[in-house]
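S.K.: What follows is the file protein-v3.txt, containing compact mmCIF, N, CA and C atoms:
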```txt
# COMPACT_ATOMS: atom_id res chain seq x y z
N MET A 1 -44.69 145.65 -204.20
CA MET A 1 -43.61 145.37 -205.13
C MET A 1 -43.58 146.46 -206.18
N GLN A 2 -42.40 146.99 -206.44
CA GLN A 2 -42.23 148.00 -207.47
C GLN A 2 -41.90 147.30 -208.80
N PHE A 3 -42.73 147.53 -209.80
CA PHE A 3 -42.52 146.90 -211.09
C PHE A 3 -41.75 147.83 -212.02
N ARG A 4 -40.88 147.22 -212.83
CA ARG A 4 -40.10 147.97 -213.82
C ARG A 4 -40.84 147.95 -215.16
N GLU A 5 -40.73 149.01 -215.90
CA GLU A 5 -41.37 149.07 -217.21
C GLU A 5 -40.63 148.27 -218.27
N SER A 6 -39.39 147.91 -217.98
CA SER A 6 -38.55 147.26 -218.98
C SER A 6 -38.82 145.76 -219.13
N GLN A 7 -39.68 145.19 -218.28
CA GLN A 7 -39.93 143.75 -218.33
C GLN A 7 -41.40 143.50 -218.02
N ALA A 8 -41.97 142.50 -218.67
CA ALA A 8 -43.37 142.15 -218.44
C ALA A 8 -43.60 141.84 -216.96
N ILE A 9 -44.75 142.26 -216.44
CA ILE A 9 -45.05 142.08 -215.02
C ILE A 9 -45.07 140.60 -214.65
N TYR A 10 -45.61 139.74 -215.50
CA TYR A 10 -45.67 138.32 -215.15
C TYR A 10 -44.27 137.73 -214.99
N LEU A 11 -43.30 138.23 -215.76
CA LEU A 11 -41.92 137.76 -215.61
C LEU A 11 -41.29 138.31 -214.33
N GLN A 12 -41.65 139.51 -213.94
CA GLN A 12 -41.16 140.06 -212.68
C GLN A 12 -41.73 139.29 -211.49
N ILE A 13 -42.96 138.83 -211.61
CA ILE A 13 -43.55 138.00 -210.56
C ILE A 13 -42.83 136.65 -210.53
N ALA A 14 -42.52 136.10 -211.69
CA ALA A 14 -41.76 134.85 -211.76
C ALA A 14 -40.40 135.03 -211.08
N ASP A 15 -39.76 136.17 -211.32
CA ASP A 15 -38.48 136.46 -210.66
C ASP A 15 -38.64 136.53 -209.15
N TYR A 16 -39.74 137.10 -208.70
CA TYR A 16 -40.04 137.21 -207.27
C TYR A 16 -40.15 135.81 -206.65
N VAL A 17 -40.86 134.92 -207.33
CA VAL A 17 -41.01 133.54 -206.84
C VAL A 17 -39.65 132.85 -206.82
N CYS A 18 -38.89 133.02 -207.88
CA CYS A 18 -37.54 132.42 -207.93
C CYS A 18 -36.66 132.94 -206.80
N GLU A 19 -36.78 134.23 -206.51
CA GLU A 19 -35.98 134.81 -205.43
C GLU A 19 -36.34 134.18 -204.08
N LYS A 20 -37.63 133.97 -203.85
CA LYS A 20 -38.07 133.32 -202.61
C LYS A 20 -37.46 131.92 -202.50
N ILE A 21 -37.38 131.23 -203.62
CA ILE A 21 -36.81 129.88 -203.64
C ILE A 21 -35.29 129.94 -203.44
N LEU A 22 -34.63 130.85 -204.13
CA LEU A 22 -33.17 130.96 -204.03
C LEU A 22 -32.73 131.42 -202.65
N LEU A 23 -33.56 132.21 -201.98
CA LEU A 23 -33.26 132.64 -200.61
C LEU A 23 -33.69 131.59 -199.57
N LYS A 24 -34.25 130.49 -200.09
CA LYS A 24 -34.71 129.35 -199.28
C LYS A 24 -35.83 129.74 -198.32
N GLU A 25 -36.59 130.76 -198.70
CA GLU A 25 -37.79 131.11 -197.94
C GLU A 25 -38.92 130.16 -198.30
N TRP A 26 -38.90 129.67 -199.54
CA TRP A 26 -39.85 128.66 -200.00
C TRP A 26 -39.02 127.44 -200.39
N VAL A 27 -39.35 126.29 -199.82
CA VAL A 27 -38.53 125.08 -199.99
C VAL A 27 -39.25 124.03 -200.83
N ALA A 28 -38.47 123.07 -201.32
CA ALA A 28 -38.99 121.99 -202.16
C ALA A 28 -40.19 121.33 -201.50
N ASP A 29 -41.21 121.11 -202.30
CA ASP A 29 -42.47 120.49 -201.91
C ASP A 29 -43.27 121.31 -200.90
N GLY A 30 -42.84 122.53 -200.64
CA GLY A 30 -43.60 123.43 -199.78
C GLY A 30 -44.67 124.15 -200.59
N ARG A 31 -45.80 124.40 -199.95
CA ARG A 31 -46.90 125.10 -200.61
C ARG A 31 -46.57 126.58 -200.71
N ILE A 32 -46.91 127.17 -201.85
CA ILE A 32 -46.72 128.61 -202.03
C ILE A 32 -48.09 129.29 -201.92
N PRO A 33 -48.12 130.61 -201.74
CA PRO A 33 -49.41 131.30 -201.68
C PRO A 33 -50.23 131.04 -202.95
N SER A 34 -51.54 131.07 -202.78
CA SER A 34 -52.43 130.85 -203.93
C SER A 34 -52.32 132.02 -204.91
N VAL A 35 -52.87 131.82 -206.08
CA VAL A 35 -52.88 132.86 -207.11
C VAL A 35 -53.54 134.12 -206.55
N ARG A 36 -54.67 133.93 -205.89
CA ARG A 36 -55.39 135.07 -205.33
C ARG A 36 -54.57 135.76 -204.24
N GLU A 37 -53.95 134.98 -203.36
CA GLU A 37 -53.12 135.55 -202.30
C GLU A 37 -51.95 136.36 -202.87
N LEU A 38 -51.29 135.79 -203.87
CA LEU A 38 -50.17 136.51 -204.50
C LEU A 38 -50.65 137.78 -205.19
N ALA A 39 -51.80 137.70 -205.85
CA ALA A 39 -52.34 138.88 -206.53
C ALA A 39 -52.61 140.01 -205.53
N ILE A 40 -53.17 139.66 -204.39
CA ILE A 40 -53.45 140.67 -203.37
C ILE A 40 -52.14 141.21 -202.80
N GLN A 41 -51.23 140.31 -202.48
CA GLN A 41 -49.95 140.70 -201.89
C GLN A 41 -49.15 141.62 -202.82
N LEU A 42 -49.13 141.29 -204.12
CA LEU A 42 -48.34 142.05 -205.09
C LEU A 42 -49.12 143.17 -205.76
N GLU A 43 -50.42 143.25 -205.44
CA GLU A 43 -51.31 144.29 -205.99
C GLU A 43 -51.38 144.25 -207.51
N VAL A 44 -51.65 143.03 -208.02
CA VAL A 44 -51.81 142.84 -209.46
C VAL A 44 -53.07 142.02 -209.72
N ASN A 45 -53.42 141.93 -210.97
CA ASN A 45 -54.58 141.14 -211.38
C ASN A 45 -54.27 139.65 -211.23
N PRO A 46 -55.22 138.85 -210.73
CA PRO A 46 -54.99 137.40 -210.63
C PRO A 46 -54.61 136.74 -211.96
N ASN A 47 -55.10 137.29 -213.07
CA ASN A 47 -54.76 136.73 -214.39
C ASN A 47 -53.26 136.88 -214.67
N THR A 48 -52.67 137.96 -214.20
CA THR A 48 -51.24 138.18 -214.37
C THR A 48 -50.45 137.16 -213.56
N VAL A 49 -50.89 136.92 -212.33
CA VAL A 49 -50.24 135.91 -211.49
C VAL A 49 -50.39 134.54 -212.12
N MET A 50 -51.56 134.25 -212.67
CA MET A 50 -51.79 132.95 -213.31
C MET A 50 -50.84 132.76 -214.48
N ARG A 51 -50.58 133.81 -215.22
CA ARG A 51 -49.62 133.72 -216.33
C ARG A 51 -48.22 133.38 -215.79
N SER A 52 -47.85 133.98 -214.67
CA SER A 52 -46.56 133.67 -214.03
C SER A 52 -46.51 132.22 -213.59
N VAL A 53 -47.59 131.76 -213.00
CA VAL A 53 -47.67 130.38 -212.52
C VAL A 53 -47.50 129.40 -213.68
N GLU A 54 -48.17 129.67 -214.78
CA GLU A 54 -48.05 128.81 -215.96
C GLU A 54 -46.60 128.79 -216.47
N PHE A 55 -45.98 129.96 -216.51
CA PHE A 55 -44.58 130.06 -216.94
C PHE A 55 -43.67 129.25 -216.00
N LEU A 56 -43.86 129.41 -214.70
CA LEU A 56 -43.04 128.70 -213.71
C LEU A 56 -43.25 127.19 -213.76
N GLN A 57 -44.45 126.76 -214.09
CA GLN A 57 -44.69 125.33 -214.26
C GLN A 57 -43.94 124.80 -215.47
N GLN A 58 -43.90 125.57 -216.54
CA GLN A 58 -43.16 125.17 -217.73
C GLN A 58 -41.67 125.05 -217.45
N GLN A 59 -41.18 125.87 -216.53
CA GLN A 59 -39.76 125.85 -216.15
C GLN A 59 -39.47 124.78 -215.09
N ASP A 60 -40.48 124.04 -214.65
CA ASP A 60 -40.38 123.03 -213.59
C ASP A 60 -39.85 123.64 -212.29
N ILE A 61 -40.39 124.81 -211.97
CA ILE A 61 -40.03 125.49 -210.72
C ILE A 61 -41.14 125.30 -209.69
N ILE A 62 -42.37 125.25 -210.16
CA ILE A 62 -43.50 124.94 -209.28
C ILE A 62 -44.37 123.89 -209.96
N TYR A 63 -45.21 123.25 -209.17
CA TYR A 63 -46.17 122.29 -209.73
C TYR A 63 -47.50 122.45 -209.01
N ASN A 64 -48.54 121.94 -209.65
CA ASN A 64 -49.90 122.05 -209.13
C ASN A 64 -50.37 120.71 -208.59
N GLN A 65 -50.93 120.74 -207.39
CA GLN A 65 -51.66 119.57 -206.89
C GLN A 65 -53.12 119.97 -206.93
N ARG A 66 -53.81 119.41 -207.88
CA ARG A 66 -55.19 119.80 -208.16
C ARG A 66 -56.04 119.82 -206.89
N GLY A 67 -56.70 120.94 -206.70
CA GLY A 67 -57.58 121.10 -205.56
C GLY A 67 -56.88 121.47 -204.26
N ILE A 68 -55.55 121.44 -204.26
CA ILE A 68 -54.80 121.75 -203.04
C ILE A 68 -54.04 123.06 -203.21
N GLY A 69 -53.35 123.23 -204.34
CA GLY A 69 -52.61 124.45 -204.59
C GLY A 69 -51.32 124.20 -205.33
N TYR A 70 -50.47 125.20 -205.31
CA TYR A 70 -49.18 125.15 -206.00
C TYR A 70 -48.07 124.91 -204.99
N PHE A 71 -47.08 124.15 -205.43
CA PHE A 71 -45.97 123.76 -204.57
C PHE A 71 -44.65 123.97 -205.29
N VAL A 72 -43.59 124.11 -204.51
CA VAL A 72 -42.24 124.25 -205.05
C VAL A 72 -41.77 122.88 -205.54
N SER A 73 -41.32 122.81 -206.77
CA SER A 73 -40.85 121.54 -207.35
C SER A 73 -39.58 121.05 -206.65
N PRO A 74 -39.37 119.73 -206.63
CA PRO A 74 -38.16 119.20 -206.01
C PRO A 74 -36.87 119.77 -206.61
N ASN A 75 -36.86 120.05 -207.91
CA ASN A 75 -35.67 120.61 -208.58
C ASN A 75 -35.75 122.12 -208.73
N ALA A 76 -36.63 122.76 -207.99
CA ALA A 76 -36.88 124.19 -208.16
C ALA A 76 -35.64 125.05 -207.94
N TYR A 77 -34.87 124.73 -206.92
CA TYR A 77 -33.70 125.56 -206.62
C TYR A 77 -32.75 125.57 -207.83
N ARG A 78 -32.43 124.39 -208.32
CA ARG A 78 -31.53 124.28 -209.47
C ARG A 78 -32.12 124.96 -210.71
N ASN A 79 -33.40 124.73 -210.97
CA ASN A 79 -34.04 125.30 -212.15
C ASN A 79 -34.19 126.82 -212.05
N ALA A 80 -34.51 127.31 -210.85
CA ALA A 80 -34.63 128.75 -210.65
C ALA A 80 -33.27 129.41 -210.80
N LEU A 81 -32.25 128.76 -210.26
CA LEU A 81 -30.89 129.29 -210.36
C LEU A 81 -30.47 129.39 -211.83
N GLN A 82 -30.73 128.35 -212.59
CA GLN A 82 -30.35 128.35 -214.00
C GLN A 82 -31.15 129.38 -214.78
N TYR A 83 -32.43 129.48 -214.51
CA TYR A 83 -33.28 130.47 -215.18
C TYR A 83 -32.78 131.89 -214.90
N ARG A 84 -32.53 132.20 -213.62
CA ARG A 84 -32.09 133.55 -213.24
C ARG A 84 -30.69 133.85 -213.79
N LYS A 85 -29.80 132.86 -213.79
CA LYS A 85 -28.46 133.07 -214.37
C LYS A 85 -28.56 133.41 -215.85
N ASN A 86 -29.38 132.66 -216.57
CA ASN A 86 -29.56 132.92 -218.00
C ASN A 86 -30.11 134.31 -218.24
N GLU A 87 -31.12 134.69 -217.46
CA GLU A 87 -31.71 136.02 -217.60
C GLU A 87 -30.67 137.10 -217.32
N PHE A 88 -29.90 136.92 -216.26
CA PHE A 88 -28.89 137.90 -215.88
C PHE A 88 -27.81 138.04 -216.96
N THR A 89 -27.29 136.92 -217.43
CA THR A 89 -26.20 136.99 -218.40
C THR A 89 -26.67 137.51 -219.76
N GLU A 90 -27.91 137.23 -220.13
CA GLU A 90 -28.40 137.66 -221.44
C GLU A 90 -28.95 139.08 -221.43
N LYS A 91 -29.53 139.51 -220.31
CA LYS A 91 -30.21 140.81 -220.31
C LYS A 91 -29.50 141.88 -219.50
N ASP A 92 -28.94 141.53 -218.35
CA ASP A 92 -28.35 142.54 -217.47
C ASP A 92 -26.86 142.77 -217.71
N MET A 93 -26.12 141.69 -217.92
CA MET A 93 -24.67 141.82 -218.04
C MET A 93 -24.21 142.66 -219.23
N PRO A 94 -24.83 142.58 -220.38
CA PRO A 94 -24.37 143.44 -221.48
C PRO A 94 -24.38 144.92 -221.11
N ALA A 95 -25.40 145.38 -220.40
CA ALA A 95 -25.46 146.78 -219.99
C ALA A 95 -24.38 147.09 -218.96
N VAL A 96 -24.15 146.16 -218.03
CA VAL A 96 -23.10 146.34 -217.03
C VAL A 96 -21.74 146.43 -217.72
N PHE A 97 -21.48 145.52 -218.63
CA PHE A 97 -20.20 145.52 -219.33
C PHE A 97 -20.01 146.79 -220.16
N ARG A 98 -21.07 147.24 -220.79
CA ARG A 98 -20.99 148.47 -221.59
C ARG A 98 -20.64 149.65 -220.68
N ASN A 99 -21.33 149.75 -219.55
CA ASN A 99 -21.05 150.84 -218.62
C ASN A 99 -19.63 150.75 -218.07
N MET A 100 -19.18 149.55 -217.77
CA MET A 100 -17.81 149.37 -217.29
C MET A 100 -16.82 149.87 -218.33
N TYR A 101 -17.06 149.51 -219.58
CA TYR A 101 -16.17 149.94 -220.66
C TYR A 101 -16.17 151.47 -220.78
N LEU A 102 -17.37 152.06 -220.77
CA LEU A 102 -17.48 153.51 -220.91
C LEU A 102 -16.82 154.26 -219.75
N LEU A 103 -16.87 153.65 -218.56
CA LEU A 103 -16.31 154.29 -217.37
C LEU A 103 -14.86 153.91 -217.11
N GLY A 104 -14.31 153.04 -217.95
CA GLY A 104 -12.92 152.62 -217.78
C GLY A 104 -12.71 151.76 -216.55
N MET A 105 -13.73 151.02 -216.17
CA MET A 105 -13.64 150.16 -214.97
C MET A 105 -13.12 148.77 -215.34
N GLU A 106 -12.44 148.15 -214.40
CA GLU A 106 -11.95 146.79 -214.58
C GLU A 106 -12.70 145.85 -213.62
N ILE A 107 -12.64 144.57 -213.92
CA ILE A 107 -13.32 143.54 -213.13
C ILE A 107 -12.91 143.58 -211.66
N ASP A 108 -11.65 143.87 -211.39
CA ASP A 108 -11.16 143.90 -210.01
C ASP A 108 -11.94 144.90 -209.15
N GLU A 109 -12.33 146.02 -209.74
CA GLU A 109 -13.11 147.02 -209.01
C GLU A 109 -14.47 146.46 -208.60
N LEU A 110 -15.07 145.70 -209.49
CA LEU A 110 -16.37 145.10 -209.18
C LEU A 110 -16.25 144.04 -208.10
N LYS A 111 -15.19 143.27 -208.15
CA LYS A 111 -15.01 142.20 -207.17
C LYS A 111 -14.97 142.76 -205.76
N THR A 112 -14.23 143.83 -205.55
CA THR A 112 -14.13 144.46 -204.24
C THR A 112 -15.49 144.96 -203.78
N ARG A 113 -16.20 145.62 -204.67
CA ARG A 113 -17.52 146.15 -204.32
C ARG A 113 -18.53 145.03 -204.06
N PHE A 114 -18.43 143.94 -204.82
CA PHE A 114 -19.33 142.82 -204.63
C PHE A 114 -19.09 142.15 -203.28
N GLU A 115 -17.85 141.97 -202.90
CA GLU A 115 -17.54 141.38 -201.60
C GLU A 115 -18.08 142.24 -200.47
N LYS A 116 -17.94 143.56 -200.60
CA LYS A 116 -18.46 144.48 -199.59
C LYS A 116 -20.00 144.37 -199.53
N TYR A 117 -20.65 144.30 -200.67
CA TYR A 117 -22.09 144.18 -200.74
C TYR A 117 -22.57 142.90 -200.05
N LYS A 118 -21.90 141.79 -200.33
CA LYS A 118 -22.27 140.52 -199.70
C LYS A 118 -22.18 140.60 -198.19
N LYS A 119 -21.09 141.19 -197.68
CA LYS A 119 -20.91 141.30 -196.23
C LYS A 119 -22.01 142.15 -195.61
N GLN A 120 -22.37 143.23 -196.27
CA GLN A 120 -23.37 144.14 -195.71
C GLN A 120 -24.79 143.57 -195.78
N ASN A 121 -25.07 142.75 -196.77
CA ASN A 121 -26.45 142.33 -197.00
C ASN A 121 -26.74 140.86 -196.69
N PHE A 122 -25.72 140.02 -196.63
CA PHE A 122 -26.00 138.60 -196.47
C PHE A 122 -25.17 137.93 -195.38
N ALA A 123 -24.42 138.68 -194.65
CA ALA A 123 -23.59 138.08 -193.60
C ALA A 123 -24.34 137.91 -192.30
```
Would you write the structure of this file as structure tokens?

M.R.:
Amino acid sequence: MQFRESQAIYLQIADYVCEKILLKEWVADGRIPSVRELAIQLEVNPNTVMRSVEFLQQQDIIYNQRGIGYFVSPNAYRNALQYRKNEFTEKDMPAVFRNMYLLGMEIDELKTRFEKYKKQNFA
């Protein structure tokens, strides 16, 4: 995983988990990889993954079954969607809108490009 300098690594890991849920690769009440497994997979310190896990539990996206592991919460899809929408609208969209303004672009141009992107990547 390539990490960006503009956001804390634990939040980028949380975004990764949310993406797995939103893509329905990880489903409600399904077990997710352990802290150690995720740390190895993402090449980060287990303490960083643990911080992500704690954050995701606070957001009711995952839950812990003591002695068994972490699982996707029943409301995880809805909560992950809301979390990611909030992050996108508060952090990413202002920069997009600024660039659109500076480049003289209108929303219609984005709509066409977005539809093309969806067809190429998710159809």

S.K.: CA of Tyr77 (chain A) to CA of Ile107 (chain A): how many Å, to one decimal?

M.R.: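 Between CA of Tyr77 (chain A) and CA of Ile107 (chain A) the gap works out to 27.9 Å.
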
S.K.: For Glu19 (chain A), which of A:Leu56, A:Ala80, A:Leu38, A:Met93 is the closest residue, counting only N, CA and C atoms?

M.R.: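 Ranking A:Leu56, A:Ala80, A:Leu38, A:Met93 by distance to Glu19 (chain A), first place goes to A:Ala80.
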
S.K.: Please write out, as AutoDock Vina command-line options, where the centre of an axis-aligned box around all listed atoms of region 36-51 of chain A lies and how long its edges are, in Å to one decimal, after adding 3 Å on each side.

M.R.:
```
--center_x -51.8 --center_y 138.5 --center_z -209.1 --size_x 13.2 --size_y 17.5 --size_z 20.4
```

S.K.: Looking at A:Val17, A:Leu103, A:Ile61, A:Ile40, which one is nearest to Pro74 (chain A), with distances taken over all atoms listed in the file?

M.R.: A:Ile61

S.K.: Quick check for you: according to DSSP on this backbone, which residues of chain A are classed as alpha helix (DSSP H)? Reply as a PyMOL selection string.

M.R.: chain A and resi 9-22+35-42+46-58+76-87+93-103+107-122

S.K.: Please measure the separation of atom C of Gly30 (chain A) and atom N of Phe122 (chain A), giving the value in Å to one decimal.

M.R.: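 Pair atom C of Gly30 (chain A) / atom N of Phe122 (chain A) returns 25.0 Å.
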
S.K.: CA of Glu37 (chain A) to atom N of Met1 (chain A): how many Å, to one decimal?

M.R.: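 A separation of 13.3 Å between them.
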
S.K.: Can you work out which one of A:Ala14, A:Val44, A:Ile21, A:Ile32 has the shortest atom-to-atom distance to Arg78 (chain A), counting only C-alpha atoms?

M.R.: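 Between A:Ala14, A:Val44, A:Ile21, A:Ile32, the residue approaching Arg78 (chain A) most closely is A:Ile21.
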
S.K.: Identify which of the residues A:Phe3, A:Phe71, A:Tyr10, A:Tyr117 lies closest to Met50 (chain A), counting only C-alpha atoms when measuring atom-to-atom distances.

M.R.: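 Of A:Phe3, A:Phe71, A:Tyr10, A:Tyr117, the one nearest Met50 (chain A), counting only C-alpha atoms, is A:Tyr10.
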
S.K.: Using DSSP on the backbone coordinates, identify the residues of region 2-119 of chain A assigned to strand (DSSP E); present them as an mmCIF file with N, CA and C atoms, keeping the file's coordinate frame.

M.R.:
```cif
data_model
loop_
_atom_site.group_PDB
_atom_site.id
_atom_site.type_symbol
_atom_site.label_atom_id
_atom_site.label_comp_id
_atom_site.auth_asym_id
_atom_site.auth_seq_id
_atom_site.Cartn_x
_atom_site.Cartn_y
_atom_site.Cartn_z
ATOM 1 N N ILE A 62 -42.370 125.250 -210.160
ATOM 2 C CA ILE A 62 -43.500 124.940 -209.280
ATOM 3 C C ILE A 62 -44.370 123.890 -209.960
ATOM 4 N N TYR A 63 -45.210 123.250 -209.170
ATOM 5 C CA TYR A 63 -46.170 122.290 -209.730
ATOM 6 C C TYR A 63 -47.500 122.450 -209.010
ATOM 7 N N ASN A 64 -48.540 121.940 -209.650
ATOM 8 C CA ASN A 64 -49.900 122.050 -209.130
ATOM 9 C C ASN A 64 -50.370 120.710 -208.590
ATOM 10 N N GLN A 65 -50.930 120.740 -207.390
ATOM 11 C CA GLN A 65 -51.660 119.570 -206.890
ATOM 12 C C GLN A 65 -53.120 119.970 -206.930
ATOM 13 N N GLY A 69 -53.350 123.230 -204.340
ATOM 14 C CA GLY A 69 -52.610 124.450 -204.590
ATOM 15 C C GLY A 69 -51.320 124.200 -205.330
ATOM 16 N N TYR A 70 -50.470 125.200 -205.310
ATOM 17 C CA TYR A 70 -49.180 125.150 -206.000
ATOM 18 C C TYR A 70 -48.070 124.910 -204.990
ATOM 19 N N PHE A 71 -47.080 124.150 -205.430
ATOM 20 C CA PHE A 71 -45.970 123.760 -204.570
ATOM 21 C C PHE A 71 -44.650 123.970 -205.290
ATOM 22 N N VAL A 72 -43.590 124.110 -204.510
ATOM 23 C CA VAL A 72 -42.240 124.250 -205.050
ATOM 24 C C VAL A 72 -41.770 122.880 -205.540
#
```
